[in-house]
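Listing of work.txt, compact mmCIF, C-alpha atoms
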# COMPACT_ATOMS: atom_id res chain seq x y z
CA MET J 6 0.00 0.00 0.00
CA VAL J 7 1.44 3.38 -1.04
CA PHE J 8 0.87 6.24 1.40
CA PHE J 9 0.67 9.70 -0.17
CA MET J 10 1.48 12.83 1.83
CA LYS J 11 -0.78 15.85 1.38
CA GLY J 12 2.04 18.29 0.76
CA ARG J 13 5.36 19.72 1.87
CA VAL J 14 6.41 22.52 4.21
CA THR J 15 9.71 24.39 4.07
CA VAL J 16 10.93 25.68 7.44
CA LEU J 17 13.53 28.46 7.35
CA THR J 18 15.43 29.32 10.52
CA ARG J 19 18.67 31.28 11.00
CA THR J 20 18.96 31.37 14.80
CA PRO J 21 21.19 28.57 16.18
CA LEU J 22 19.32 28.17 19.49
CA TRP J 23 15.58 28.79 19.06
CA ILE J 24 14.41 25.89 21.18
CA GLY J 25 10.63 26.14 20.79
CA LEU J 26 10.45 25.70 17.02
CA PRO J 27 10.94 21.88 16.85
CA ARG J 28 7.79 21.31 18.92
CA LEU J 29 5.81 22.21 15.78
CA TYR J 30 7.30 19.52 13.56
CA LYS J 31 5.12 16.70 14.89
CA ASN J 32 2.05 18.93 14.36
CA LEU J 33 3.06 19.43 10.74
CA SER J 34 3.75 15.73 10.25
CA ASP J 35 0.44 14.76 11.87
CA CYS J 36 -1.23 16.79 9.10
CA GLU J 37 0.51 14.47 6.60
CA PHE J 38 2.97 17.06 5.37
CA GLU J 39 6.65 16.37 4.76
CA ILE J 40 9.13 18.86 6.19
CA ASP J 41 12.25 20.40 4.68
CA LEU J 42 14.38 22.35 7.17
CA LEU J 43 16.86 24.99 6.00
CA CYS J 44 18.99 26.12 8.93
CA CYS J 45 22.47 27.18 9.98
CA GLU J 46 25.11 24.63 10.88
CA GLY J 47 24.72 23.33 14.43
CA SER J 48 21.17 24.65 14.77
CA PHE J 49 19.06 23.22 17.59
CA ALA J 50 16.20 23.11 15.08
CA GLN J 51 17.66 19.92 13.58
CA ASN J 52 16.74 17.88 16.68
CA SER J 53 13.68 15.98 15.53
CA ASP J 54 12.57 12.60 14.22
CA TYR J 55 9.91 14.29 12.08
CA LEU J 56 12.14 16.07 9.57
CA ASN J 57 12.27 14.59 6.07
CA ARG J 58 15.22 16.63 4.82
CA VAL J 59 17.72 18.97 6.51
CA LEU J 60 19.77 21.50 4.54
CA THR J 61 22.46 23.41 6.42
CA LEU J 62 24.56 26.46 5.59
CA ALA J 63 26.93 28.64 7.56
CA LEU J 64 25.57 31.99 8.71
CA ASP J 65 28.46 33.69 6.94
CA ASP J 66 27.68 31.94 3.64
CA SER J 67 26.54 34.39 1.01
CA ASP J 68 22.95 35.53 0.72
CA GLN J 69 22.95 34.01 -2.75
CA ALA J 70 23.83 30.60 -1.33
CA TRP J 71 20.90 30.84 1.08
CA ILE J 72 18.61 32.10 -1.69
CA ASP J 73 19.57 29.25 -4.04
CA THR J 74 19.09 26.63 -1.34
CA LEU J 75 15.71 28.02 -0.31
CA LEU J 76 14.52 28.16 -3.92
CA SER J 77 15.46 24.50 -4.30
CA CYS J 78 12.90 23.53 -1.64
CA PRO J 79 9.66 22.51 -3.37
CA GLY J 80 7.26 22.93 -0.43
CA GLU J 81 3.93 24.64 -1.09
CA LYS J 82 4.08 26.27 2.36
CA LEU J 83 6.86 28.37 3.91
CA LEU J 84 7.23 28.65 7.68
CA LEU J 85 9.64 31.25 9.09
CA GLY J 86 11.06 29.87 12.31
CA ASP J 87 12.56 32.94 13.95
CA ASP J 88 12.94 36.71 13.71
CA GLU J 89 16.36 36.52 12.08
CA ALA J 90 14.81 34.48 9.27
CA VAL J 91 12.04 37.09 8.92
CA ASP J 92 14.52 39.96 8.80
CA TRP J 93 16.84 38.15 6.39
CA LEU J 94 13.96 37.42 4.04
CA LEU J 95 12.64 41.00 4.10
CA ARG J 96 16.12 42.31 3.41
CA THR J 97 17.20 39.74 0.85
CA THR J 98 14.12 39.73 -1.35
CA GLN J 99 15.35 43.11 -2.58
CA LYS J 100 18.14 41.21 -4.34
CA SER J 101 16.09 38.47 -6.00
CA HIS J 102 12.84 38.69 -7.92
CA GLU J 103 12.66 34.89 -7.84
CA LEU J 104 12.76 34.99 -4.06
CA VAL J 105 9.92 37.54 -4.02
CA ILE J 106 7.74 35.23 -6.13
CA TYR J 107 8.70 32.20 -4.01
CA THR J 108 7.89 33.97 -0.73
CA GLU J 109 4.65 35.64 -1.78
CA SER J 110 3.28 32.44 -3.33
CA ARG J 111 3.93 30.47 -0.12
CA LEU J 112 3.45 33.03 2.61
CA SER J 113 2.44 36.73 2.58
CA LYS J 114 2.94 39.88 0.56
CA LEU J 115 6.31 41.29 1.56
CA GLU J 116 4.92 44.79 2.13
CA SER J 117 2.42 43.40 4.63
CA MET J 118 5.15 41.42 6.39
CA ALA J 119 7.33 44.53 6.64
CA THR J 120 4.47 46.50 8.20
CA ALA J 121 3.78 43.75 10.73
CA ARG J 122 7.46 43.30 11.60
CA MET J 123 8.31 46.98 12.26
CA LYS J 124 6.84 47.91 15.63
CA TYR J 125 6.60 51.65 14.92
CA ARG J 126 4.97 51.09 11.55
CA LEU J 127 2.57 48.46 12.93
CA ALA J 128 1.54 50.87 15.71
CA GLY J 129 0.49 53.47 13.15
CA TRP J 130 -1.40 50.88 11.13
CA ALA J 131 -3.20 49.59 14.23
CA SER J 132 -4.15 53.10 15.36
CA GLU J 133 -5.88 53.72 12.04
CA LEU J 134 -7.89 50.53 12.63
CA GLY J 135 -9.00 51.76 16.05
CA ILE J 136 -6.79 49.33 17.97
CA PRO J 137 -5.26 50.86 21.14
CA VAL J 138 -1.51 51.45 21.04
CA PRO J 139 0.50 53.20 23.79
CA GLU J 140 1.52 56.71 22.73
CA LEU J 141 4.89 56.78 21.01
CA SER J 142 7.32 58.95 19.06
CA ARG J 143 10.62 58.58 17.26
CA LEU J 144 13.74 58.34 19.39
CA ASP J 145 15.84 61.48 18.97
CA SER J 146 18.08 63.87 20.89
CA SER J 147 15.12 65.33 22.78
CA THR J 148 14.07 62.03 24.37
CA ASP J 149 15.70 62.81 27.74
CA THR J 150 14.43 66.39 27.91
CA GLY J 151 11.66 67.75 30.11
CA ASP J 152 9.15 67.98 27.27
CA THR J 153 9.33 64.26 26.45
CA LEU J 154 9.28 63.21 30.08
CA SER J 155 6.32 65.42 30.89
CA LYS J 156 4.46 63.95 27.90
CA PHE J 157 5.14 60.26 28.57
CA GLY J 158 5.97 60.18 32.29
CA TRP J 159 8.03 57.64 34.20
CA PRO J 160 9.06 54.96 33.56
CA LEU J 161 9.92 55.64 29.95
CA VAL J 162 10.13 52.78 27.43
CA LEU J 163 12.76 52.88 24.67
CA LYS J 164 12.47 50.23 21.94
CA SER J 165 14.16 48.90 18.89
CA SER J 166 11.67 48.59 16.07
CA PHE J 167 13.06 45.13 15.28
CA GLY J 168 13.75 43.61 18.71
CA CYS J 169 12.44 40.19 19.73
CA ALA J 170 12.10 38.05 22.87
CA GLY J 171 12.51 41.12 25.04
CA GLN J 172 15.74 42.22 23.36
CA GLY J 173 15.90 45.88 22.43
CA VAL J 174 13.30 46.90 25.04
CA PHE J 175 14.49 49.21 27.82
CA ILE J 176 12.22 50.28 30.69
CA CYS J 177 13.97 53.37 32.00
CA ARG J 178 13.32 54.80 35.45
CA ASN J 179 15.90 57.59 35.48
CA LEU J 180 17.97 59.74 33.11
CA ARG J 181 21.02 57.50 33.44
CA GLU J 182 19.03 54.48 32.19
CA ILE J 183 17.64 56.56 29.30
CA ARG J 184 21.13 57.53 28.19
CA ARG J 185 22.34 53.92 28.39
CA ALA J 186 19.36 52.77 26.34
CA LYS J 187 19.94 55.50 23.74
CA GLU J 188 23.54 54.39 23.42
CA ALA J 189 22.45 50.77 22.93
CA LEU J 190 19.94 51.86 20.26
CA ARG J 191 22.07 54.46 18.49
CA GLN J 192 22.55 52.28 15.39
CA ASP J 193 18.80 51.69 15.03
CA SER J 194 17.26 54.44 12.90
CA GLN J 195 13.80 53.00 13.58
CA ALA J 196 14.04 53.08 17.39
CA PHE J 197 11.31 54.88 19.30
CA VAL J 198 10.09 55.96 22.72
CA GLN J 199 6.76 54.78 24.09
CA LYS J 200 4.52 55.47 27.06
CA TYR J 201 4.77 52.78 29.73
CA VAL J 202 1.61 50.76 30.35
CA ALA J 203 1.40 48.75 33.56
CA GLY J 204 -0.30 45.45 32.92
CA THR J 205 -0.15 41.76 32.14
CA PRO J 206 1.55 40.59 28.92
CA LEU J 207 -0.75 38.63 26.64
CA MET J 208 -0.12 36.90 23.33
CA VAL J 209 -2.53 35.70 20.67
CA PRO J 210 -0.94 32.95 18.53
CA VAL J 211 -2.75 32.65 15.22
CA SER J 212 -2.71 30.78 11.93
CA CYS J 213 -4.09 32.48 8.85
CA VAL J 214 -4.16 32.39 5.05
CA ASN J 215 -4.47 35.51 2.89
CA GLY J 216 -5.93 37.57 5.71
CA ARG J 217 -8.40 34.90 6.84
CA VAL J 218 -7.92 33.80 10.44
CA LEU J 219 -8.23 30.03 10.66
CA ALA J 220 -7.37 29.44 14.31
CA ARG J 221 -6.22 31.41 17.33
CA PHE J 222 -6.13 31.34 21.09
CA ALA J 223 -4.96 33.69 23.83
CA ALA J 224 -2.24 33.02 26.39
CA THR J 225 -1.51 35.33 29.32
CA LYS J 226 2.13 35.43 30.33
CA LYS J 227 2.09 34.50 34.02
CA ALA J 228 5.89 34.23 34.33
CA THR J 229 8.70 35.49 32.10
CA TRP J 230 12.49 35.40 32.16
CA PRO J 231 14.54 37.49 32.24
CA LEU J 232 12.44 40.12 33.99
CA GLU J 233 9.17 41.50 32.66
CA THR J 234 10.39 41.94 29.08
CA GLY J 235 11.67 38.40 28.57
CA PRO J 236 10.13 35.32 26.94
CA SER J 237 7.38 33.34 28.68
CA THR J 238 8.01 30.44 31.04
CA ILE J 239 4.44 29.91 32.34
CA VAL J 240 1.27 30.94 30.49
CA GLU J 241 -2.47 30.69 31.05
CA ILE J 242 -4.63 29.65 28.12
CA ASP J 243 -7.94 31.50 28.28
CA ASN J 244 -10.46 33.46 26.22
CA HIS J 245 -9.77 37.14 25.56
CA PRO J 246 -12.36 37.97 22.90
CA LEU J 247 -11.50 41.64 22.42
CA ALA J 248 -7.77 41.03 21.92
CA GLU J 249 -8.63 38.19 19.54
CA GLN J 250 -10.94 40.50 17.59
CA TYR J 251 -8.10 43.01 17.29
CA VAL J 252 -5.93 40.24 15.84
CA ASP J 253 -8.64 39.31 13.34
CA ARG J 254 -8.79 42.95 12.24
CA LEU J 255 -5.00 43.24 11.84
CA VAL J 256 -4.62 39.96 9.95
CA ALA J 257 -7.47 40.81 7.58
CA SER J 258 -6.28 44.36 6.87
CA LEU J 259 -2.70 43.21 6.16
CA GLY J 260 -3.66 40.03 4.30
CA LEU J 261 -1.24 37.96 6.34
CA SER J 262 -0.57 34.23 6.02
CA GLY J 263 1.31 31.79 8.22
CA ILE J 264 1.73 30.92 11.89
CA MET J 265 2.49 33.99 13.99
CA SER J 266 1.58 35.78 17.21
CA PHE J 267 0.53 39.24 18.39
CA ASP J 268 1.62 40.65 21.76
CA PHE J 269 -0.58 42.86 23.94
CA LEU J 270 -0.57 44.36 27.43
CA MET J 271 -3.78 44.05 29.41
CA ASP J 272 -4.02 46.94 31.88
CA LEU J 273 -5.82 47.00 35.21
CA GLN J 274 -8.97 48.37 33.57
CA GLY J 275 -9.14 45.44 31.15
CA ASN J 276 -7.94 47.40 28.11
CA TYR J 277 -5.72 45.64 25.56
CA TRP J 278 -2.75 47.58 24.15
CA LEU J 279 -0.97 46.24 21.06
CA MET J 280 2.79 45.86 21.48
CA GLU J 281 4.09 43.95 18.45
CA CYS J 282 3.68 41.11 15.98
CA ASN J 283 5.97 38.07 15.81
CA LEU J 284 5.89 36.74 12.25
CA ARG J 285 6.95 33.30 13.43
CA PRO J 286 5.75 30.66 15.89
CA VAL J 287 6.05 31.30 19.62
CA PRO J 288 6.88 28.57 22.18
CA ILE J 289 3.18 27.76 22.77
CA SER J 290 2.23 27.61 19.06
CA HIS J 291 2.31 23.80 19.10
CA TYR J 292 -0.45 23.66 21.74
CA ARG J 293 -2.98 20.92 20.91
CA GLY J 294 -1.76 20.99 17.29
CA LEU J 295 -4.45 23.60 16.58
CA LEU J 296 -2.55 26.20 14.55
CA ALA J 297 -0.71 23.78 12.25
CA ASP J 298 -3.86 21.75 11.61
CA ALA J 299 -5.88 24.81 10.62
CA TRP J 300 -3.07 26.32 8.51
CA LEU J 301 -2.18 23.21 6.53
CA ASN J 302 -5.76 22.04 6.00
CA ASN J 303 -7.12 25.55 5.34
CA GLU J 304 -9.95 24.99 7.81
CA GLU J 305 -11.26 27.14 10.64
CA LYS J 306 -10.68 25.47 14.00
CA SER J 307 -10.80 26.41 17.68
CA LEU J 308 -9.85 24.98 21.05
CA PRO J 309 -12.65 23.14 22.84
CA PRO J 310 -14.34 25.24 25.55
CA GLY J 311 -13.19 24.83 29.11
CA PRO J 312 -11.70 26.60 32.14
CA PRO J 313 -8.39 28.50 31.92
CA LYS J 314 -5.37 26.22 31.71
CA LEU J 315 -2.08 27.10 33.39
CA VAL J 316 0.79 25.69 31.33
CA ALA J 317 4.48 25.58 32.27
CA LEU J 318 6.44 25.68 29.03
CA TYR J 319 8.91 22.89 28.50
CA PRO J 320 11.87 23.11 28.74
CA GLN J 321 11.79 26.88 29.39
CA SER J 322 10.22 26.65 32.85
CA LEU J 323 12.93 24.19 33.95
CA MET J 324 15.76 26.37 32.65
CA SER J 325 14.79 29.64 34.34
CA PRO J 326 13.80 30.74 37.85
CA VAL J 327 10.03 30.44 38.34
CA ASP J 328 7.73 30.86 41.31
CA ALA J 329 7.40 27.45 42.99
CA GLU J 330 3.75 27.92 43.93
CA LEU J 331 2.80 29.00 40.40
CA PHE J 332 4.80 26.14 38.86
CA GLY J 333 3.11 23.67 41.21
CA ARG J 334 -0.33 24.67 39.89
CA ALA J 335 0.67 24.50 36.23
CA LEU J 336 0.66 21.57 33.85
CA LEU J 337 4.23 20.93 32.71
CA ASP J 338 4.08 20.68 28.91
CA ASP J 339 6.74 17.95 28.73
CA ASP J 340 4.86 15.37 26.65
CA VAL J 341 7.33 15.45 23.76
CA ALA J 342 6.43 12.62 21.37
CA ASP J 343 9.70 13.09 19.48
CA ILE J 344 12.52 10.99 20.89
CA ARG J 345 15.39 12.94 19.39
CA LEU J 346 13.92 16.28 20.47
CA SER J 347 13.11 14.98 23.95
CA ARG J 348 16.73 13.90 24.43
CA ALA J 349 17.99 17.26 23.17
CA TYR J 350 15.77 19.05 25.70
CA GLU J 351 17.00 16.79 28.52
CA ASP J 352 20.60 17.55 27.57
CA LEU J 353 19.82 21.26 27.43
CA ILE J 354 18.26 21.25 30.90
CA ALA J 355 21.17 19.28 32.34
CA SER J 356 23.89 21.38 30.74
CA PRO J 357 25.79 23.74 33.06
CA GLY J 358 24.97 27.39 32.66
CA HIS J 359 21.90 26.78 30.50

How does the structure come out when it is put into structure tokens?
Amino acid sequence: MVFFMKGRVTVLTRTPLWIGLPRLYKNLSDCEFEIDLLCCEGSFAQNSDYLNRVLTLALDDSDQAWIDTLLSCPGEKLLLGDDEAVDWLLRTTQKSHELVIYTESRLSKLESMATARMKYRLAGWASELGIPVPELSRLDSSTDTGDTLSKFGWPLVLKSSFGCAGQGVFICRNLREIRRAKEALRQDSQAFVQKYVAGTPLMVPVSCVNGRVLARFAATKKATWPLETGPSTIVEIDNHPLAEQYVDRLVASLGLSGIMSFDFLMDLQGNYWLMECNLRPVPISHYRGLLADAWLNNEEKSLPPGPPKLVALYPQSLMSPVDAELFGRALLDDDVADIRLSRAYEDLIASPGH
């Protein structure tokens, strides 16, 4: 008996240690899709029994070598595994018309991706759609003057327009911290200053095709590391209809496709403030296989109704300091039905200085 796969997915990643991505491979395989992985040499993303083909290049190999290798992958779907892959693609498509056609036929229009990726640009787009965004302005020499401080107040948030996983975000509580942040951001012409909003971080992972949302769910960040700007370690899966409606509006207006996530802050009054869009999976994107199933089968799907679920991300919650009481109430998401990946996670947890 010959078994026919439904299709093929190409996964592009350029970050050597993005540990959450391989959790998605089983989801993709369960949908009867074969997987080609294009990654850098030594990438953690190679640790899986569900990959059909792995292509590796050095990060210092030429853009043309990466372009040629990517174009050789026949998959009908393209999944960008990390922010470096997103940024490389947005930058490199300017050099290759073939790469433009390849990307836009398998993912999204590049202009829409650029708008979603750039935090300052996305904020303007969202504001026009009536989606709340904390007040912001370009970072310039006047940022540490009385006028700016009286307008935004303390603490003051300085951001890179391209940062990810908490990198490039500086919550400044005095002039010295502002000046240090400005120095760190001085090479970023798109950096900006934003009003601080006290609240709970919330993400809405989503899968979509040509602006049509197929599946989504909300996850409140109950614990992060390092500090309040870092990646999640424990999340709570729950319904947040208004934030999810904002995501629907953004995805539809930009015509986005793929598996991605939008970050919000939920303030004490229950308002949702858009922070950014991650044009790649987040560490909870594999949850229940929902997003991959909807994306690959082009069908609208949702999580079954039920009470909020507290989930300790694996292996993240075992690699970072977390509150013992909170961890004790959470379900540890360590059911990794991928032997090679499970062993790689165990080695990562056991390694000194992880």

Exercise. Compare J:Met10, J:Ala63, J:Val211, J:Leu83 by their minimum atom-to-atom distance to J:Ala299, counting only C-alpha atoms, and give me the closest one.
Key: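 Selected residue with least distance to J:Ala299: J:Val211.
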
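Using only C-alpha atoms for every distance, the candidate list J:Ala342, J:Leu42, J:Leu127, J:Ala119 yields J:Leu42 as the residue closest to J:Leu85.
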
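Atom CA of J:Tyr292 is found 19.2 Å from atom CA of J:Val214.
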
Quiz item: Distance atom CA of J:Val287-atom CA of J:Ser266, one decimal place?
Solution: 6.8 Å

Quiz item: Which neighbours of J:Asp87 fall inside 9 Å, counting only C-alpha atoms, when residues of the same chain fewer than 4 positions from it are skipped, and could you give them as a list of chain:residue names?
Solution: J:Leu17, J:Thr18, J:Arg19, J:Thr20, J:Trp23, J:Leu26, J:Val91, J:Asp92, J:Asn283, J:Leu284, J:Arg285, J:Pro286, J:Val287

Practice problem: Excluding J:Gly168 and any residue of its chain fewer than 6 positions from it, enumerate the residues within 9 Å of it, using only C-alpha atoms, and give them as a list in words. | Solution: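 In the requested format, the answer is Asp88, Lys124 and Val174 of chain J.
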
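With all atoms listed in the file as the atoms that count, the minimum distance from J:Ala121 to the choices J:Lys306, J:Cys282, J:Gly333, J:Ala297 is reached by J:Cys282.
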
Exercise. Fewer than 4 positions away in the same chain doesn't count, so skip those; otherwise give me all residues within 8 Å of J:Cys78, counting all atoms listed in the file, as a ChimeraX atom specification.
Key: /J:15,41,74

Since we have the selection now, will you write its residues out, keeping C-alpha atoms, as a compact mmCIF listing (two decimals), in the frame of the given file?
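So the final result, stored in out_18.txt, reads:
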# COMPACT_ATOMS: atom_id res chain seq x y z
CA THR J 15 9.71 24.39 4.07
CA ASP J 41 12.25 20.40 4.68
CA THR J 74 19.09 26.63 -1.34

Quiz item: So which residues are close to (11.6, 23.0, 13.0), meaning at most 6 Å away in the file's coordinates with only C-alpha atoms counted, and can you show them as a list in words?
Solution: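 Every polymer residue passing the test: Leu26, Pro27, Tyr30 and Ala50 of chain J.
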
Those same residues, written as a PDB file, in the coordinates of the input with C-alpha atoms?
ATOM      1  CA  LEU J  26      10.450  25.700  17.020  1.00  0.00           C
ATOM      2  CA  PRO J  27      10.940  21.880  16.850  1.00  0.00           C
ATOM      3  CA  TYR J  30       7.300  19.520  13.560  1.00  0.00           C
ATOM      4  CA  ALA J  50      16.200  23.110  15.080  1.00  0.00           C
TER       5      ALA J  50
END

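Omitting J:Asn303 and its sequence neighbours fewer than 6 positions away, and counting only C-alpha atoms, the residues within 12 Å are Cys36, Lys82, Ser212, Cys213, Val214, Asn215, Arg217, Val218, Leu219, Ala220, Ser262, Gly263, Leu295, Leu296 and Ala297 of chain J.
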
Quiz prompt | Counting all atoms listed in the file, the option among J:Asn57, J:Ser142, J:Thr97, J:Thr225 closest to J:Glu241 | solution =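 Between J:Asn57, J:Ser142, J:Thr97, J:Thr225, the residue approaching J:Glu241 most closely is J:Thr225.
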